[in-house]
file input.tsv (TSV, C-alpha atoms and all ligand atoms)
chain	number	residue	atom	x	y	z
A	3	MET	CA	0.00	0.00	0.00
A	4	LYS	CA	1.03	3.63	-0.44
A	5	ILE	CA	2.21	5.50	2.65
A	6	THR	CA	3.61	8.96	3.28
A	7	ALA	CA	6.80	8.78	5.31
A	8	ALA	CA	9.62	10.97	6.57
A	9	VAL	CA	12.80	9.50	5.10
A	10	ALA	CA	16.15	9.85	6.88
A	11	LYS	CA	18.55	9.96	3.95
A	12	PHE	CA	21.74	11.51	5.29
A	13	PRO	CA	23.24	12.03	8.77
A	14	LYS	CA	22.34	15.38	10.35
A	15	ALA	CA	20.25	16.33	7.29
A	16	ASP	CA	16.55	17.16	7.28
A	17	PHE	CA	14.04	14.35	6.89
A	18	GLU	CA	12.50	14.25	3.40
A	19	PHE	CA	8.85	13.43	2.88
A	20	ALA	CA	8.00	10.88	0.23
A	21	GLU	CA	5.27	8.54	-0.91
A	22	LEU	CA	6.56	4.99	-0.47
A	23	GLU	CA	5.25	1.46	-0.69
A	24	LEU	CA	4.58	-0.54	2.52
A	25	GLU	CA	4.18	-4.31	2.25
A	26	GLU	CA	0.99	-6.01	3.43
A	27	PRO	CA	1.26	-7.47	6.96
A	28	ARG	CA	2.85	-10.91	7.18
A	29	ASP	CA	1.30	-13.56	9.45
A	30	ASP	CA	2.89	-12.09	12.59
A	31	GLU	CA	2.48	-8.43	11.64
A	32	ILE	CA	-0.06	-5.76	12.54
A	33	LEU	CA	-0.87	-2.86	10.21
A	34	VAL	CA	-1.41	0.31	12.25
A	35	ARG	CA	-2.69	3.63	10.96
A	36	ILE	CA	-0.58	6.15	12.85
A	37	ALA	CA	-2.52	8.92	14.62
A	38	ALA	CA	0.55	10.59	16.12
A	39	VAL	CA	4.19	9.83	16.79
A	40	GLY	CA	6.62	11.27	19.32
A	41	LEU	CA	10.08	12.49	18.42
A	42	CYS	CA	12.76	10.87	20.59
A	43	HIS	CA	16.49	11.54	20.83
A	44	THR	CA	17.14	7.97	19.65
A	45	ASP	CA	15.55	8.78	16.27
A	46	LEU	CA	18.24	11.41	15.76
A	47	VAL	CA	20.98	9.16	17.13
A	48	ALA	CA	19.97	6.72	14.36
A	49	ARG	CA	19.60	9.37	11.64
A	50	ASP	CA	23.06	10.71	12.55
A	51	GLN	CA	24.49	7.16	12.44
A	52	ILE	CA	25.71	6.99	16.03
A	53	LEU	CA	23.31	4.06	16.00
A	54	PRO	CA	24.07	2.69	12.54
A	55	VAL	CA	20.66	1.88	11.03
A	56	PRO	CA	21.37	1.74	7.27
A	57	LEU	CA	20.10	4.84	5.45
A	58	PRO	CA	17.75	5.64	3.82
A	59	ALA	CA	15.52	4.68	6.72
A	60	ILE	CA	12.09	5.29	8.14
A	61	LEU	CA	12.63	5.97	11.83
A	62	GLY	CA	10.06	6.84	14.49
A	63	HIS	CA	9.40	4.65	17.53
A	64	GLU	CA	6.79	6.42	19.64
A	65	GLY	CA	3.78	5.70	17.44
A	66	ALA	CA	0.16	5.54	18.54
A	67	GLY	CA	-2.68	4.62	16.26
A	68	MET	CA	-5.44	2.28	15.26
A	69	VAL	CA	-5.13	-1.30	14.04
A	70	VAL	CA	-6.23	-1.63	10.42
A	71	ARG	CA	-5.41	-5.26	9.60
A	72	VAL	CA	-3.66	-8.14	11.30
A	73	GLY	CA	-1.77	-11.17	10.02
A	74	ALA	CA	-3.16	-14.71	10.39
A	75	ASN	CA	-1.18	-15.50	13.56
A	76	VAL	CA	-2.08	-12.34	15.46
A	77	SER	CA	-4.62	-12.70	18.27
A	78	LYS	CA	-3.62	-9.96	20.72
A	79	VAL	CA	-5.33	-7.12	18.85
A	80	ALA	CA	-7.94	-6.76	16.12
A	81	GLU	CA	-9.08	-4.20	13.58
A	82	GLY	CA	-10.19	-0.97	15.23
A	83	ASP	CA	-8.18	-1.39	18.46
A	84	HIS	CA	-6.28	1.65	19.69
A	85	VAL	CA	-2.65	0.86	20.36
A	86	VAL	CA	0.54	2.44	21.66
A	87	LEU	CA	3.64	1.12	19.94
A	88	THR	CA	6.78	0.41	21.92
A	89	PHE	CA	10.08	-1.50	21.57
A	90	ARG	CA	9.97	-5.02	20.16
A	91	SER	CA	11.09	-8.14	22.02
A	92	CYS	CA	11.14	-11.82	21.09
A	93	ALA	CA	8.96	-13.16	23.95
A	94	VAL	CA	10.83	-16.49	24.07
A	95	CYS	CA	14.44	-15.81	25.17
A	96	THR	CA	15.62	-16.20	28.75
A	97	ARG	CA	15.28	-12.49	29.53
A	98	CYS	CA	11.84	-12.20	27.97
A	99	LEU	CA	10.64	-15.27	29.88
A	100	ALA	CA	12.06	-13.70	33.05
A	101	GLY	CA	9.82	-10.67	32.46
A	102	GLU	CA	12.69	-8.45	31.34
A	103	PRO	CA	11.80	-7.67	27.71
A	104	THR	CA	13.89	-4.48	27.64
A	105	TYR	CA	16.95	-6.74	27.79
A	106	CYS	CA	15.68	-9.24	25.19
A	107	GLU	CA	18.58	-11.23	23.74
A	108	GLN	CA	17.26	-10.41	20.26
A	109	ALA	CA	16.82	-6.68	21.00
A	110	LEU	CA	19.40	-5.51	18.47
A	111	ALA	CA	18.06	-7.67	15.63
A	112	LEU	CA	14.44	-6.75	16.37
A	113	ASN	CA	14.83	-3.00	16.85
A	114	TYR	CA	17.91	-1.52	15.23
A	115	THR	CA	18.90	-3.34	12.06
A	116	GLY	CA	16.46	-1.62	9.69
A	117	CYS	CA	15.00	-4.89	8.44
A	118	ARG	CA	13.09	-7.96	9.55
A	119	PRO	CA	15.22	-10.71	11.15
A	120	ASP	CA	15.18	-12.52	7.76
A	121	GLY	CA	16.85	-9.50	6.17
A	122	SER	CA	13.82	-8.28	4.21
A	123	LYS	CA	12.67	-4.68	4.32
A	124	ALA	CA	8.97	-3.84	4.51
A	125	ILE	CA	9.23	-0.45	2.78
A	126	HIS	CA	10.24	0.32	-0.79
A	127	ASP	CA	10.79	3.44	-2.85
A	128	HIS	CA	10.06	2.65	-6.51
A	129	GLY	CA	11.26	-0.89	-5.86
A	130	ALA	CA	14.40	0.12	-3.91
A	131	PRO	CA	14.40	-1.12	-0.29
A	132	VAL	CA	14.24	1.47	2.49
A	133	SER	CA	15.21	0.54	6.06
A	134	SER	CA	12.08	-0.32	8.05
A	135	ASN	CA	11.15	-2.13	11.29
A	136	PHE	CA	12.89	0.49	13.46
A	137	PHE	CA	11.83	-0.58	16.99
A	138	GLY	CA	9.51	-2.96	15.16
A	139	GLN	CA	7.47	-0.05	13.82
A	140	SER	CA	9.15	2.77	11.76
A	141	SER	CA	6.29	5.08	12.68
A	142	PHE	CA	7.45	8.31	11.02
A	143	ALA	CA	4.84	7.35	8.46
A	144	THR	CA	1.10	7.29	7.95
A	145	TYR	CA	1.03	3.51	8.41
A	146	ALA	CA	3.40	1.12	10.17
A	147	LEU	CA	3.83	-2.62	10.63
A	148	ALA	CA	4.13	-3.71	14.26
A	149	TYR	CA	4.12	-7.00	16.20
A	150	GLU	CA	2.30	-8.52	19.17
A	151	SER	CA	5.26	-7.83	21.46
A	152	ASN	CA	5.28	-4.10	20.73
A	153	VAL	CA	1.63	-3.14	20.57
A	154	VAL	CA	-0.16	-2.23	23.78
A	155	LYS	CA	-3.94	-2.10	23.52
A	156	ILE	CA	-5.36	0.94	25.26
A	157	ASP	CA	-8.68	2.39	26.29
A	158	PRO	CA	-10.20	4.01	23.18
A	159	THR	CA	-11.62	6.91	25.21
A	160	VAL	CA	-8.14	8.29	26.00
A	161	PRO	CA	-6.92	10.80	23.37
A	162	LEU	CA	-4.61	8.77	21.14
A	163	GLU	CA	-2.48	11.64	19.92
A	164	LEU	CA	-0.85	12.14	23.33
A	165	LEU	CA	0.06	8.55	24.03
A	166	GLY	CA	2.97	7.70	21.71
A	167	PRO	CA	5.71	8.96	24.07
A	168	LEU	CA	4.54	6.48	26.71
A	169	GLY	CA	6.09	3.83	24.45
A	170	CYS	CA	9.63	5.17	24.87
A	171	GLY	CA	10.67	8.48	26.47
A	172	VAL	CA	8.05	8.63	29.18
A	173	GLN	CA	8.29	4.98	30.24
A	174	THR	CA	12.08	5.33	30.20
A	175	GLY	CA	12.07	8.12	32.79
A	176	ALA	CA	9.10	7.03	34.89
A	177	GLY	CA	10.04	3.36	34.69
A	178	ALA	CA	13.59	4.04	35.87
A	179	VAL	CA	12.19	5.42	39.12
A	180	LEU	CA	9.13	3.20	39.57
A	181	ARG	CA	10.50	-0.07	38.19
A	182	ALA	CA	14.27	-0.31	37.68
A	183	LEU	CA	15.33	1.60	40.80
A	184	ALA	CA	12.03	1.10	42.64
A	185	CYS	CA	12.84	4.23	44.63
A	186	PRO	CA	11.29	3.78	48.08
A	187	LYS	CA	8.91	6.28	49.67
A	188	GLY	CA	10.90	8.97	51.43
A	189	SER	CA	14.04	8.52	49.31
A	190	SER	CA	16.01	11.28	47.61
A	191	ILE	CA	16.84	11.47	43.93
A	192	VAL	CA	18.80	13.88	41.76
A	193	ILE	CA	17.91	13.94	38.08
A	194	LEU	CA	20.50	15.28	35.66
A	195	GLY	CA	18.82	16.79	32.61
A	196	GLY	CA	15.30	18.19	32.44
A	197	GLY	CA	14.32	16.87	29.01
A	198	SER	CA	11.42	14.51	28.43
A	199	VAL	CA	13.12	11.54	30.10
A	200	GLY	CA	14.27	13.57	33.12
A	201	LEU	CA	10.90	15.24	33.62
A	202	SER	CA	9.12	11.90	33.24
A	203	ALA	CA	11.41	10.68	36.01
A	204	VAL	CA	10.22	13.61	38.13
A	205	LEU	CA	6.61	12.51	37.55
A	206	GLY	CA	7.59	8.96	38.51
A	207	ALA	CA	9.41	10.18	41.63
A	208	VAL	CA	6.29	12.04	42.79
A	209	ILE	CA	4.24	8.86	42.44
A	210	ALA	CA	6.96	6.84	44.19
A	211	GLY	CA	6.78	9.24	47.13
A	212	CYS	CA	10.38	10.47	46.93
A	213	THR	CA	10.60	13.37	49.37
A	214	THR	CA	13.62	15.08	47.84
A	215	ILE	CA	13.49	15.42	44.04
A	216	ILE	CA	16.29	17.57	42.64
A	217	VAL	CA	16.57	18.46	38.95
A	218	SER	CA	19.67	19.96	37.36
A	219	ASP	CA	19.29	21.66	33.99
A	220	PRO	CA	20.93	24.75	32.50
A	221	LYS	CA	17.65	26.00	30.99
A	222	ALA	CA	15.48	28.18	33.24
A	223	GLU	CA	12.20	27.15	31.57
A	224	ARG	CA	12.94	23.48	32.18
A	225	ARG	CA	13.80	24.13	35.82
A	226	ALA	CA	10.50	26.00	36.17
A	227	LEU	CA	8.59	23.12	34.56
A	228	ALA	CA	10.40	20.63	36.84
A	229	LEU	CA	9.16	22.55	39.90
A	230	GLU	CA	5.64	22.67	38.47
A	231	LEU	CA	5.71	18.89	37.98
A	232	GLY	CA	6.79	18.19	41.55
A	233	ALA	CA	10.56	18.65	41.85
A	234	THR	CA	11.38	19.92	45.33
A	235	HIS	CA	14.59	21.69	44.27
A	236	VAL	CA	16.29	22.73	41.05
A	237	ILE	CA	19.93	23.46	40.25
A	238	ASP	CA	21.43	25.57	37.49
A	239	PRO	CA	24.65	23.65	36.71
A	240	THR	CA	26.13	26.72	35.01
A	241	ALA	CA	25.85	28.69	38.26
A	242	GLU	CA	26.74	26.10	40.88
A	243	LYS	CA	28.56	22.76	41.06
A	244	VAL	CA	25.84	20.12	41.02
A	245	ASN	CA	27.44	17.80	43.57
A	246	LYS	CA	28.01	20.68	46.01
A	247	ALA	CA	24.43	21.86	45.63
A	248	VAL	CA	23.09	18.34	46.18
A	249	ARG	CA	25.18	17.94	49.32
A	250	ARG	CA	23.94	21.31	50.58
A	251	LEU	CA	20.36	20.11	50.03
A	252	THR	CA	20.70	16.53	51.28
A	253	GLY	CA	23.60	16.45	53.73
A	254	ALA	CA	25.25	13.12	52.94
A	255	GLY	CA	24.17	13.03	49.29
A	256	ALA	CA	21.22	11.61	47.38
A	257	ASP	CA	20.08	7.98	47.51
A	258	PHE	CA	19.76	7.93	43.72
A	259	ALA	CA	21.24	9.91	40.84
A	260	LEU	CA	19.81	9.55	37.36
A	261	ASP	CA	21.74	10.73	34.31
A	262	THR	CA	19.63	11.41	31.24
A	263	THR	CA	22.34	13.21	29.26
A	264	GLY	CA	24.97	10.60	28.41
A	265	ALA	CA	27.54	13.41	28.69
A	266	GLY	CA	30.83	12.48	30.43
A	267	PRO	CA	31.18	15.53	32.71
A	268	VAL	CA	27.52	15.33	33.76
A	269	MET	CA	27.83	11.64	34.61
A	270	ASP	CA	30.97	12.41	36.66
A	271	SER	CA	29.10	15.07	38.61
A	272	ALA	CA	26.18	12.66	39.09
A	273	LEU	CA	28.41	10.15	40.83
A	274	GLY	CA	29.58	12.93	43.15
A	275	CYS	CA	25.96	13.56	44.23
A	276	LEU	CA	25.51	10.14	45.86
A	277	ARG	CA	25.53	9.22	49.50
A	278	PRO	CA	27.59	6.15	50.43
A	279	HIS	CA	25.98	3.00	48.95
A	280	GLY	CA	23.93	5.12	46.55
A	281	THR	CA	22.99	4.19	42.98
A	282	LEU	CA	23.74	6.03	39.76
A	283	ALA	CA	21.43	5.12	36.89
A	284	LEU	CA	22.48	5.78	33.30
A	285	LEU	CA	19.61	6.47	30.89
A	286	GLY	CA	21.03	8.79	28.24
A	287	VAL	CA	22.62	7.39	25.08
A	288	PRO	CA	26.11	8.98	24.95
A	289	SER	CA	26.60	10.97	21.76
A	290	ASN	CA	30.27	10.00	22.05
A	291	PRO	CA	30.39	6.25	21.30
A	292	GLU	CA	33.76	6.07	23.11
A	293	GLN	CA	32.31	7.49	26.34
A	294	ARG	CA	33.60	5.54	29.39
A	295	LEU	CA	31.88	5.03	32.72
A	296	PRO	CA	32.18	7.87	35.23
A	297	GLY	CA	34.34	7.84	38.34
A	298	LEU	CA	37.37	6.12	39.69
A	299	ALA	CA	37.17	2.40	40.43
A	300	SER	CA	38.53	3.14	43.92
A	301	THR	CA	35.71	5.66	44.58
A	302	VAL	CA	33.01	3.23	43.42
A	303	LEU	CA	34.55	0.54	45.63
A	304	MET	CA	35.13	2.67	48.74
A	305	PHE	CA	31.60	4.08	48.78
A	306	GLY	CA	29.87	0.92	47.61
A	307	TYR	CA	28.27	2.69	44.70
A	308	THR	CA	26.15	0.92	42.11
A	309	ILE	CA	26.27	2.16	38.51
A	310	LYS	CA	23.33	0.75	36.61
A	311	GLY	CA	22.36	1.01	32.95
A	312	ILE	CA	18.61	1.08	32.37
A	313	ILE	CA	16.80	0.50	29.08
A	314	GLU	CA	13.20	1.68	28.63
A	315	GLY	CA	12.78	1.95	32.40
A	316	ASP	CA	12.76	-1.86	32.74
A	317	SER	CA	9.16	-1.55	31.56
A	318	GLN	CA	6.85	-4.46	30.85
A	319	PRO	CA	4.83	-2.32	28.46
A	320	ASP	CA	1.57	-4.33	28.58
A	321	SER	CA	1.18	-3.58	32.27
A	322	PHE	CA	3.24	-0.41	32.75
A	323	ILE	CA	1.77	1.72	29.94
A	324	PRO	CA	-1.84	1.18	31.08
A	325	GLU	CA	-0.67	1.89	34.63
A	326	LEU	CA	0.80	5.24	33.52
A	327	ILE	CA	-2.42	6.03	31.63
A	328	SER	CA	-4.46	5.35	34.76
A	329	TYR	CA	-2.24	7.73	36.78
A	330	TYR	CA	-2.71	10.31	34.00
A	331	LEU	CA	-6.51	9.93	34.11
A	332	GLU	CA	-6.40	10.36	37.91
A	333	GLY	CA	-4.50	13.64	37.41
A	334	ARG	CA	-1.36	12.27	39.08
A	335	PHE	CA	0.80	11.92	36.00
A	336	PRO	CA	0.45	15.05	33.83
A	337	PHE	CA	2.89	13.96	31.12
A	338	ASP	CA	0.86	16.01	28.62
A	339	LYS	CA	2.62	19.08	30.07
A	340	LEU	CA	5.82	17.85	28.40
A	341	ILE	CA	4.23	17.67	24.95
A	342	SER	CA	4.09	20.21	22.12
A	343	LEU	CA	2.00	19.16	19.13
A	344	TYR	CA	3.19	19.60	15.54
A	345	ARG	CA	1.80	18.42	12.24
A	346	PHE	CA	3.74	15.48	10.79
A	347	ASP	CA	5.04	17.64	7.92
A	348	GLN	CA	6.59	19.98	10.53
A	349	LEU	CA	8.97	17.24	11.71
A	350	ASN	CA	12.14	19.14	10.78
A	351	GLN	CA	10.91	22.21	12.65
A	352	ALA	CA	10.15	20.02	15.66
A	353	VAL	CA	13.69	18.57	15.53
A	354	GLN	CA	15.09	22.11	15.52
A	355	ASP	CA	12.85	23.32	18.36
A	356	GLN	CA	13.62	20.25	20.49
A	357	HIS	CA	17.34	20.77	19.82
A	358	ASP	CA	17.09	24.45	20.76
A	359	GLY	CA	15.32	23.54	23.99
A	360	LYS	CA	12.21	25.53	23.02
A	361	ILE	CA	10.09	22.47	23.67
A	362	VAL	CA	10.51	19.31	25.75
A	363	LYS	CA	8.80	16.64	23.66
A	364	ALA	CA	7.39	17.00	20.17
A	365	VAL	CA	4.48	14.84	19.11
A	366	LEU	CA	3.65	14.86	15.40
A	367	THR	CA	0.01	14.41	14.52
A	368	MET	CA	-0.98	12.87	11.23
A	369	PRO	CA	-3.14	15.21	9.13
A	370	ASN	CA	-6.23	13.45	7.77
A	371	HIS	CA	-5.45	14.35	4.18
A	372	LEU	CA	-2.36	12.14	4.27
A	373	LEU	CA	-4.28	9.03	5.36
B	1	ZN	ZN	13.61	-11.95	24.02
B	2	ZN	ZN	13.10	6.61	22.29
call {"tool": "encode", "arguments": {"input": "input.tsv", "output": "structure tokens", "more": "lines below"}}
Ligand SMILES: [Zn+2]
Ligand SMILES: [Zn+2]
result
Amino acid sequence: MKITAAVAKFPKADFEFAELELEEPRDDEILVRIAAVGLCHTDLVARDQILPVPLPAILGHEGAGMVVRVGANVSKVAEGDHVVLTFRSCAVCTRCLAGEPTYCEQALALNYTGCRPDGSKAIHDHGAPVSSNFFGQSSFATYALAYESNVVKIDPTVPLELLGPLGCGVQTGAGAVLRALACPKGSSIVILGGGSVGLSAVLGAVIAGCTTIIVSDPKAERRALALELGATHVIDPTAEKVNKAVRRLTGAGADFALDTTGAGPVMDSALGCLRPHGTLALLGVPSNPEQRLPGLASTVLMFGYTIKGIIEGDSQPDSFIPELISYYLEGRFPFDKLISLYRFDQLNQAVQDQHDGKIVKAVLTMPNHLL
């Protein structure tokens, strides 16, 4: 079928819109008409070839939409269901069976190679293959093919256009606090970076009952938003050393530090924020592929620190995404405050505005005339 898609053709270059051909769903595939799709840093990491998905590629991995058709082996969803798309996992490896799909042993093959595991690509441009299946969806397009493991059926009364980011950025931040770290009530956390992942972590920390929630970000608007969302303190890292400020606020240091930046100096300062036996969580993909872990081995040893990488907040999407939606409906999880809506054809503007820090999270809505 014909689709309209945003094609990533060259690193750091604008996406180009084109009419392409999407294959019909195979037996295990689900055709989804995309209502809206979030823009995530990982899309740009892939476009810019830090994550080497072969170009040209259709990226996009925070899709939300309606099921149009399903393959013969699909029973989880049916035509007309509203779904949030998330990362794909295999469902049968040791990690998946242990309930840890974010660490699926097939994660690379299923999410980042730009093709199905058999090497075929689902999207073509005048017969020439275009990389598809990004996060098992490639949802920078009017229609996408997804799988049972990465569709989450949701209540059709909730506005679909807001929900895509729950499938990646929002569950990454909130899940880190509520699932991976399971921050106890009364604990303290410092969050480095007030982007969509960091602010989603703030929302998660409020629900977890953390009593000290500190956000460090150089941008005044993001610090203001962090306070509005429930941060108890904010730090301007350009005005004050973060670790000193955290010690001033907490005494011995924070129980948890959460880096969402992937930047070496920020991660170093995050380690310096911890109390003895504290945990540093790493969530941000480093833009420098050679980036090493922060801190001296002797420091980590002496203070009994844990440094923990976390993917997608350790989310089990089928339970966690509906849980986040229920918090949202109760007014306890206002993740919509992070979102700025754009039309799909304004994707390049959204990339620029997100880069400039004018917005926190862009969600691109699909105009009806494209469908
Ligand atoms: Zn697996
Ligand atoms: Zn993402």
call {"tool": "atom_distance", "arguments": {"input": "input.tsv", "atom1": "CA of Phe89 in chain A", "atom2": "CA of Ala48 in chain A"}}
result
14.7 Å
call {"tool": "residues_around", "arguments": {"input": "input.tsv", "residues": "Ala66 in chain A", "least_positions_apart": "4", "cutoff": "9 Å", "atoms": "all atoms listed in the file", "output": "short mmCIF file (atom, residue, chain, number, x, y, z; two decimals) with C-alpha atoms, in the coordinates of the input"}}
result
data_model
loop_
_atom_site.label_atom_id
_atom_site.label_comp_id
_atom_site.auth_asym_id
_atom_site.auth_seq_id
_atom_site.Cartn_x
_atom_site.Cartn_y
_atom_site.Cartn_z
CA VAL A 34 -1.41 0.31 12.25
CA ARG A 35 -2.69 3.63 10.96
CA ILE A 36 -0.58 6.15 12.85
CA ALA A 37 -2.52 8.92 14.62
CA ALA A 38 0.55 10.59 16.12
CA VAL A 39 4.19 9.83 16.79
CA GLY A 40 6.62 11.27 19.32
CA HIS A 84 -6.28 1.65 19.69
CA VAL A 85 -2.65 0.86 20.36
CA VAL A 86 0.54 2.44 21.66
CA LEU A 87 3.64 1.12 19.94
CA SER A 141 6.29 5.08 12.68
CA LEU A 162 -4.61 8.77 21.14
CA GLU A 163 -2.48 11.64 19.92
CA LEU A 164 -0.85 12.14 23.33
CA LEU A 165 0.06 8.55 24.03
CA GLY A 166 2.97 7.70 21.71
CA PRO A 167 5.71 8.96 24.07
CA GLY A 169 6.09 3.83 24.45
#
call {"tool": "residues_near_ligand", "arguments": {"input": "input.tsv", "ligand": "ligand ZN 1 (chain B)", "cutoff": "10 Å", "atoms": "only C-alpha atoms and all ligand atoms", "output": "list in words"}}
result
Arg90, Ser91, Cys92, Ala93, Val94, Cys95, Thr96, Arg97, Cys98, Leu99, Ala100, Gly101, Glu102, Pro103, Thr104, Tyr105, Cys106, Glu107, Gln108, Ala109, Leu112 and Ser151 of chain A
call {"tool": "closest_atom_pairs", "arguments": {"input": "input.tsv", "of": "range 120-194 of chain A", "to": "range 210-215 of chain A", "cutoff": "12 Å", "atoms": "all atoms listed in the file", "output": "CSV"}}
result
residue,atom,partner,partner_atom,distance
A:Ala176,CA,A:Ala210,CA,9.5
A:Gly177,CA,A:Ala210,CA,10.6
A:Ala178,CA,A:Ala210,CA,11.0
A:Val179,CA,A:Ala210,CA,7.4
A:Leu180,CA,A:Ala210,CA,6.3
A:Arg181,CA,A:Ala210,CA,9.8
A:Leu183,CA,A:Ala210,CA,10.4
A:Ala184,CA,A:Ala210,CA,7.8
A:Cys185,CA,A:Ala210,CA,6.4
A:Pro186,CA,A:Ala210,CA,6.6
A:Lys187,CA,A:Gly211,CA,4.4
A:Gly188,CA,A:Cys212,CA,4.8
A:Ser189,CA,A:Cys212,CA,4.8
A:Ser190,CA,A:Thr214,CA,4.5
A:Ile191,CA,A:Ile215,CA,5.2
A:Val192,CA,A:Ile215,CA,6.0
A:Ile193,CA,A:Ile215,CA,7.6
A:Leu194,CA,A:Ile215,CA,10.9
call {"tool": "residues_near_ligand", "arguments": {"input": "input.tsv", "ligand": "ligand ZN 2 (chain B)", "cutoff": "7 Å", "atoms": "all atoms listed in the file", "output": "list of chain:residue names"}}
result
A:Cys42, A:His43, A:Thr44, A:Asp45, A:His63, A:Glu64, A:Cys170, A:Gly171
call {"tool": "residues_around", "arguments": {"input": "input.tsv", "residues": "Ser198 in chain A", "least_positions_apart": "6", "cutoff": "9 Å", "atoms": "all atoms listed in the file", "output": "ChimeraX atom specification"}}
result
/A:42,171-172,175,337,340-341,362-363
call {"tool": "atom_distance", "arguments": {"input": "input.tsv", "atom1": "CA of Leu285 in chain A", "atom2": "CA of Pro58 in chain A"}}
result
27.1 Å
call {"tool": "atom_distance", "arguments": {"input": "input.tsv", "atom1": "CA of Leu273 in chain A", "atom2": "CA of Gly253 in chain A"}}
result
15.1 Å
call {"tool": "closest_residue", "arguments": {"input": "input.tsv", "among": "A:Ala143, A:Ala8, A:Ala111, A:Ala203", "to": "Val55 in chain A", "atoms": "only C-alpha atoms"}}
result
A:Ala111
call {"tool": "residues_around", "arguments": {"input": "input.tsv", "residues": "Ser133 in chain A", "least_positions_apart": "2", "cutoff": "8 Å", "atoms": "all atoms listed in the file", "output": "PyMOL selection string"}}
result
chain A and resi 55-60+116-117+123-125+131+135-136
call {"tool": "residues_around", "arguments": {"input": "input.tsv", "residues": "Val72 in chain A", "least_positions_apart": "4", "cutoff": "8 Å", "atoms": "all atoms listed in the file", "output": "list in words"}}
result
Pro27, Asp29, Asp30, Glu31, Ile32, Leu33, Val76, Val79, Ala80 and Glu81 of chain A
call {"tool": "closest_residue", "arguments": {"input": "input.tsv", "among": "A:Tyr344, A:Glu292, A:Ala259, A:Ala20", "to": "Leu372 in chain A", "atoms": "all atoms listed in the file"}}
result
A:Ala20
call {"tool": "closest_residue", "arguments": {"input": "input.tsv", "among": "A:Asp83, A:Glu223, A:Asp127, A:Glu150", "to": "Lys360 in chain A", "atoms": "only C-alpha atoms"}}
result
A:Glu223
call {"tool": "residues_around", "arguments": {"input": "input.tsv", "residues": "range 299-303 of chain A", "least_positions_apart": "2", "cutoff": "12 Å", "atoms": "all atoms listed in the file", "output": "list in words"}}
result
Asp270, Leu273, Gly274, Leu276, Arg277, Pro278, His279, Gly280, Thr281, Leu282, Leu295, Pro296, Gly297, Phe305, Gly306, Tyr307, Thr308 and Ile309 of chain A
call {"tool": "closest_residue", "arguments": {"input": "input.tsv", "among": "A:Met68, A:Leu298, A:Val153, A:Ala15", "to": "Gln51 in chain A", "atoms": "all atoms listed in the file"}}
result
A:Ala15
call {"tool": "closest_residue", "arguments": {"input": "input.tsv", "among": "A:Arg225, A:Lys14, A:Lys4, A:Arg334", "to": "Val353 in chain A", "atoms": "all atoms listed in the file"}}
result
A:Lys14
call {"tool": "closest_residue", "arguments": {"input": "input.tsv", "among": "A:Leu326, A:Leu343, A:Val208, A:Leu46", "to": "His357 in chain A", "atoms": "all atoms listed in the file"}}
result
A:Leu46
call {"tool": "axis_aligned_box", "arguments": {"input": "input.tsv", "around": "range 279-285 of chain A", "padding_each_side": "4 Å", "output": "JSON"}}
result
{"center_x": 22.8, "center_y": 4.7, "center_z": 39.9, "size_x": 14.4, "size_y": 11.5, "size_z": 26.1}
